[in-house]
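Participant: Input entry_22.cif, format and content: mmCIF, C-alpha atoms.
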```cif
data_data
#
loop_
_atom_site.label_atom_id
_atom_site.label_comp_id
_atom_site.auth_asym_id
_atom_site.auth_seq_id
_atom_site.Cartn_x
_atom_site.Cartn_y
_atom_site.Cartn_z
CA MET A 1 88.89 -72.28 126.44
CA TYR A 2 90.12 -75.82 126.51
CA ALA A 3 92.05 -78.55 124.72
CA LEU A 4 91.06 -82.17 124.19
CA THR A 5 93.49 -84.84 125.31
CA CYS A 6 93.51 -88.60 125.83
CA LEU A 7 96.02 -91.14 127.21
CA ASN A 8 99.66 -90.62 126.18
CA PRO A 9 99.42 -91.69 122.50
CA ILE A 10 103.17 -92.19 121.98
CA ALA A 11 103.55 -94.49 124.98
CA ILE A 12 100.51 -96.54 123.97
CA ALA A 13 101.66 -96.78 120.33
CA ILE A 14 105.13 -97.99 121.32
CA ASN A 15 103.72 -100.59 123.67
CA LEU A 16 101.29 -101.89 121.05
CA LEU A 17 104.17 -102.15 118.57
CA LEU A 18 106.09 -104.25 121.08
CA LEU A 19 103.13 -106.60 121.30
CA VAL A 20 103.35 -107.16 117.55
CA ILE A 21 107.15 -107.52 117.33
CA ALA A 22 107.65 -109.82 120.31
CA PRO A 23 105.92 -112.91 118.81
CA LEU A 24 108.03 -112.60 115.67
CA SER A 25 111.20 -112.90 117.74
CA GLY A 26 109.98 -116.07 119.44
CA VAL A 27 109.82 -114.37 122.84
CA ASN A 28 106.85 -114.85 125.14
CA HIS A 29 105.47 -111.34 125.33
CA PRO A 30 103.62 -109.85 128.30
CA THR A 31 100.09 -108.51 128.19
CA ILE A 32 99.29 -104.86 127.54
CA HIS A 33 98.72 -104.36 131.29
CA ASP A 34 102.25 -105.62 131.99
CA ILE A 35 103.84 -103.26 129.45
CA VAL A 36 101.90 -100.06 130.11
CA THR A 37 102.90 -98.72 133.51
CA THR A 38 100.72 -96.78 135.91
CA GLN A 39 103.05 -93.82 135.41
CA ASP A 40 102.16 -93.90 131.68
CA ILE A 41 98.48 -93.77 132.58
CA ILE A 42 98.72 -91.07 135.25
CA ALA A 43 100.69 -88.57 133.14
CA GLY A 44 100.10 -85.73 135.61
CA ASP A 45 96.47 -86.56 136.30
CA VAL A 46 94.81 -87.00 139.70
CA PHE A 47 92.67 -89.88 140.93
CA PHE A 48 89.87 -90.09 143.46
CA GLU A 49 87.73 -92.92 144.77
CA ILE A 50 84.08 -93.08 145.71
CA THR A 51 83.34 -95.20 148.77
CA GLU A 52 79.56 -94.68 148.92
CA PRO A 53 77.15 -95.62 147.42
CA ALA A 54 78.46 -99.13 146.71
CA VAL A 55 77.38 -99.06 143.06
CA LEU A 56 79.84 -96.20 142.43
CA GLU A 57 82.78 -97.68 144.38
CA TYR A 58 85.46 -97.19 141.73
CA THR A 59 88.58 -95.11 141.12
CA TYR A 60 88.12 -92.11 138.84
CA ARG A 61 90.60 -90.00 136.91
CA LEU A 62 90.72 -86.20 136.81
CA ARG A 63 92.57 -83.78 134.53
CA PRO A 64 93.69 -80.92 136.86
CA ALA A 65 93.17 -77.32 135.77
CA LYS A 66 96.19 -76.21 133.80
CA ASP A 67 96.84 -72.70 135.08
CA PHE A 68 94.43 -71.72 137.84
CA GLY A 69 93.62 -72.88 141.35
CA ILE A 70 95.92 -74.87 143.61
CA SER A 71 97.25 -78.42 143.44
CA PHE A 72 95.16 -81.36 144.62
CA ALA A 73 98.32 -82.51 146.41
CA SER A 74 98.06 -79.50 148.73
CA GLN A 75 95.27 -81.15 150.71
CA ARG A 76 94.00 -84.66 151.32
CA LEU A 77 90.26 -85.01 151.62
CA PHE A 78 88.97 -88.29 153.02
CA GLY A 79 85.35 -89.17 153.66
CA VAL A 80 84.07 -85.92 152.19
CA ALA A 81 80.87 -85.49 150.21
CA LEU A 82 80.79 -85.10 146.43
CA VAL A 83 77.85 -82.74 146.00
CA LEU A 84 75.91 -81.83 142.85
CA THR A 85 75.68 -78.05 142.76
CA LYS A 86 72.48 -76.06 142.38
CA PRO A 87 72.45 -74.63 139.76
CA SER A 88 74.21 -77.50 138.06
CA ASP A 89 76.53 -75.24 136.02
CA ALA A 90 77.55 -73.12 139.04
CA CYS A 91 77.63 -70.00 136.87
CA THR A 92 75.68 -68.04 139.47
CA LYS A 93 75.63 -68.10 143.26
CA ILE A 94 75.39 -71.69 144.46
CA GLN A 95 72.15 -72.27 146.34
CA ASN A 96 72.99 -75.48 148.22
CA TYR A 97 76.03 -73.95 149.92
CA ARG A 98 75.19 -75.56 153.26
CA GLU A 99 75.60 -79.05 151.80
CA LEU A 100 78.68 -77.98 149.87
CA ARG A 101 80.63 -76.34 152.68
CA GLY A 102 83.77 -78.37 153.44
CA ASN A 103 83.04 -80.81 150.62
CA VAL A 104 83.68 -81.20 146.88
CA ALA A 105 81.49 -79.66 144.18
CA LEU A 106 80.42 -81.66 141.12
CA ILE A 107 79.64 -79.11 138.41
CA GLU A 108 78.25 -79.26 134.88
CA ARG A 109 80.38 -77.86 132.08
CA GLY A 110 79.13 -74.93 129.98
CA GLU A 111 77.60 -71.43 130.11
CA CYS A 112 80.60 -69.78 131.81
CA SER A 113 84.34 -70.28 132.23
CA PHE A 114 85.89 -73.07 134.25
CA LEU A 115 87.45 -70.45 136.49
CA SER A 116 84.07 -68.81 137.20
CA LYS A 117 82.62 -72.17 138.22
CA THR A 118 85.56 -72.88 140.50
CA ILE A 119 85.40 -69.45 142.14
CA ASN A 120 81.67 -69.85 142.79
CA ALA A 121 82.30 -73.25 144.35
CA GLU A 122 85.01 -71.73 146.53
CA LEU A 123 82.69 -68.90 147.62
CA ALA A 124 80.13 -71.55 148.62
CA GLY A 125 82.71 -73.18 150.89
CA ALA A 126 83.80 -76.09 148.68
CA LYS A 127 87.26 -77.59 149.20
CA ALA A 128 87.59 -78.56 145.53
CA ALA A 129 85.69 -78.39 142.25
CA ILE A 130 85.15 -81.23 139.80
CA ILE A 131 83.72 -80.17 136.45
CA THR A 132 82.27 -82.64 133.97
CA GLU A 133 80.14 -82.98 130.84
CA PHE A 134 76.55 -84.11 131.45
CA ASN A 135 75.51 -83.84 127.79
CA ASN A 136 76.16 -87.23 126.17
CA GLU A 137 75.59 -85.71 122.72
CA SER A 138 78.48 -83.28 123.13
CA ASN A 139 81.48 -83.76 120.82
CA GLU A 140 83.71 -83.65 123.90
CA PHE A 141 81.74 -86.19 125.94
CA GLU A 142 84.41 -88.90 125.67
CA PHE A 143 87.46 -86.64 126.04
CA TYR A 144 89.41 -85.12 128.90
CA ILE A 145 89.45 -81.34 128.62
CA GLU A 146 92.32 -79.17 129.76
CA MET A 147 90.77 -76.36 131.75
CA ILE A 148 92.63 -73.07 131.36
CA HIS A 149 92.38 -69.58 132.84
CA ASP A 150 89.84 -67.18 131.32
CA ASN A 151 92.36 -64.30 131.14
CA THR A 152 90.64 -62.23 133.82
CA SER A 153 92.46 -60.83 136.84
CA ARG A 154 90.83 -63.43 139.10
CA ASP A 155 92.12 -66.72 140.46
CA ALA A 156 90.80 -69.59 142.56
CA HIS A 157 92.29 -70.88 145.79
CA ILE A 158 90.94 -74.41 145.64
CA PRO A 159 91.92 -77.22 143.24
CA ALA A 160 89.81 -77.95 140.18
CA GLY A 161 89.79 -80.82 137.71
CA PHE A 162 87.88 -82.17 134.73
CA LEU A 163 86.09 -85.52 134.99
CA LEU A 164 85.34 -87.57 131.89
CA GLY A 165 81.73 -87.06 130.82
CA LYS A 166 80.93 -90.78 130.92
CA ASN A 167 81.87 -90.85 134.58
CA GLY A 168 80.10 -87.62 135.40
CA ILE A 169 76.79 -88.65 133.90
CA VAL A 170 76.84 -92.06 135.62
CA ILE A 171 77.60 -90.48 138.99
CA ARG A 172 74.83 -87.90 138.60
CA SER A 173 72.21 -90.33 137.30
CA THR A 174 73.02 -92.85 140.03
CA LEU A 175 72.70 -90.28 142.81
CA MET A 176 69.41 -89.07 141.37
CA ARG A 177 68.08 -92.62 140.99
CA LEU A 178 69.02 -93.47 144.58
CA ARG A 179 67.74 -90.08 145.77
CA ARG A 180 71.04 -89.44 147.48
CA PRO A 181 72.19 -85.83 147.95
CA HIS A 182 75.84 -86.79 147.56
CA ALA A 183 78.46 -89.52 147.26
CA ILE A 184 81.32 -90.08 149.71
CA MET A 185 84.83 -89.81 148.31
CA ASN A 186 88.58 -89.67 148.99
CA ILE A 187 90.81 -87.36 146.97
CA PRO A 188 93.58 -87.62 145.94
CA VAL A 189 94.50 -91.31 146.01
CA ASN A 190 98.04 -92.46 145.23
CA LEU A 191 98.21 -95.07 142.45
CA THR A 192 101.90 -94.71 141.65
CA PHE A 193 102.80 -98.26 142.65
CA VAL A 194 99.50 -99.92 141.75
CA PRO A 195 99.73 -102.09 138.60
CA PRO A 196 97.34 -100.89 135.88
CA ALA A 197 95.42 -104.17 135.92
CA GLN A 198 94.67 -103.67 139.62
CA ILE A 199 93.22 -100.16 139.29
CA ASN A 200 89.54 -100.35 140.15
CA HIS A 201 88.38 -98.27 137.20
CA PRO A 202 84.68 -98.03 136.29
CA PRO A 203 83.46 -100.99 134.19
CA TRP A 204 81.68 -98.70 131.71
CA LEU A 205 85.10 -97.39 130.59
CA GLY A 206 87.43 -99.37 128.36
CA TRP A 207 91.23 -99.14 128.39
#
```
Is it possible to express this structure as structure tokens?

Facilitator:
Amino acid sequence: MYALTCLNPIAIAINLLLLVIAPLSGVNHPTIHDIVTTQDIIAGDVFFEITEPAVLEYTYRLRPAKDFGISFASQRLFGVALVLTKPSDACTKIQNYRELRGNVALIERGECSFLSKTINAELAGAKAAIITEFNNESNEFEFYIEMIHDNTSRDAHIPAGFLLGKNGIVIRSTLMRLRRPHAIMNIPVNLTFVPPAQINHPPWLGW
């Protein structure tokens, strides 16, 4: 159960319209980065940064779970490991729980509910769960997905969020190529007063 969402379409549309109207009035208009504020971009989302390996040192955006788990703001995790779970979908007991304990789980979407994945990560000792799409042929690969409760009587007690598939697949493939068991990350990071043009977003993503 999920919904597909992108950046705030109304805010972006208004700002693009301003870019068209301003030249007609003879006014020197600012760039799109000057008009669109960081608050427009955040829109309730959470950001994290990877500090190791160097090739992944960017700021990434998460869509928090809508109605299960706790808030990412309830804890600040700095210098923790971002660990690929085994199995990758975390629909059964997580095997690499020793590496995951006290760290953040990176989980593949599919095969069971988002809540089940998050609960399994919590049982393995994870402090948070990040779920993403590793299938680049999926129709939802380029969308943020709103993760909702599966209508069972269960709940999770760690935060969970959805990571854009493009980011997830690059992180996973890079770790596998470098034969690294995990990345090092900080979550959440506060971008409220950082101008959009200064956000260190991954180069494989466009605005």

Participant: Rounded to one decimal place, report the CA of Phe47 (chain A)-CA of Ile158 (chain A) distance in Å.

Facilitator: 16.3 Å

Participant: Would you mind telling me which residue in A:Arg98, A:Lys117, A:Arg61, A:His157 lies nearest to Val83 (chain A) when using all atoms listed in the file?

Facilitator: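 Nearest to Val83 (chain A): A:Arg98.
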
Participant: Determine the nearest neighbour of Met176 (chain A) from the options A:Cys91, A:Ile70, A:Leu84, A:Ile199, counting only C-alpha atoms.

Facilitator: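 Of all the options, A:Leu84 lies closest to Met176 (chain A).
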
Participant: Which of these, A:Phe68, A:Phe48, A:Phe134, A:Tyr97, has the shortest distance to Leu115 (chain A) once you count only C-alpha atoms?

Facilitator: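 Selected residue with least distance to Leu115 (chain A): A:Phe68.
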
Participant: Record the distance separating CA of Ala43 (chain A) and CA of Phe72 (chain A), expressed in Å with one decimal.

Facilitator: 14.6 Å

Participant: To test your reading of the syntax: which residues would the PyMOL selection byres ((chain A and resi 125) around 12) return for the file shown? Reply as an MDAnalysis selection string.

Facilitator: chainID A and resid 83 85 93:105 118:124 126:129 157:158

Participant: Applied to this file, what does the PyMOL selection byres ((chain A and resi 67) around 6) return in terms of residues, put as a list in words?

Facilitator: Ala65, Lys66, Phe68, Ile148 and His149 of chain A

Participant: Would you please work out which residue, of A:Ala156, A:Leu163, A:Met147, A:Gly69, is nearest to Ile131 (chain A) when using all atoms listed in the file?

Facilitator: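 Closest to Ile131 (chain A) of all the choices is A:Leu163.
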
Participant: Could you tell me, as a PyMOL selection string, which residues have any atom at most 10 Å from (85.3, -72.4, 127.3), counting only C-alpha atoms?

Facilitator: chain A and resi 1-3+109-115+145+147-150

Participant: For the file shown, what are the residues hit by the PyMOL selection byres ((chain A and resi 77) around 8), laid out as number ranges by chain?

Facilitator: A: 75-76, 78-80, 185-188

Participant: Calculate, to one decimal in Å, the centre and edge lengths of the box along x, y and z of the file that holds all listed atoms of region 114-127 of chain A with 5 Å of margin on each side, and present them as JSON.

Facilitator:
```
{"center_x": 83.8, "center_y": -73.2, "center_z": 142.6, "size_x": 17.3, "size_y": 18.8, "size_z": 26.6}
```

Participant: Between CA of Thr59 (chain A) and CA of Asn200 (chain A), what is the spacing in Å?

Facilitator: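 These two atoms are separated by 5.4 Å.
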
Participant: Taking only C-alpha atoms into account, name the residue in A:Tyr144, A:Ser74, A:Asn136, A:Ala160 that is nearest to Ser116 (chain A).

Facilitator: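 Checking each candidate against Ser116 (chain A), we get A:Ala160 as the closest.
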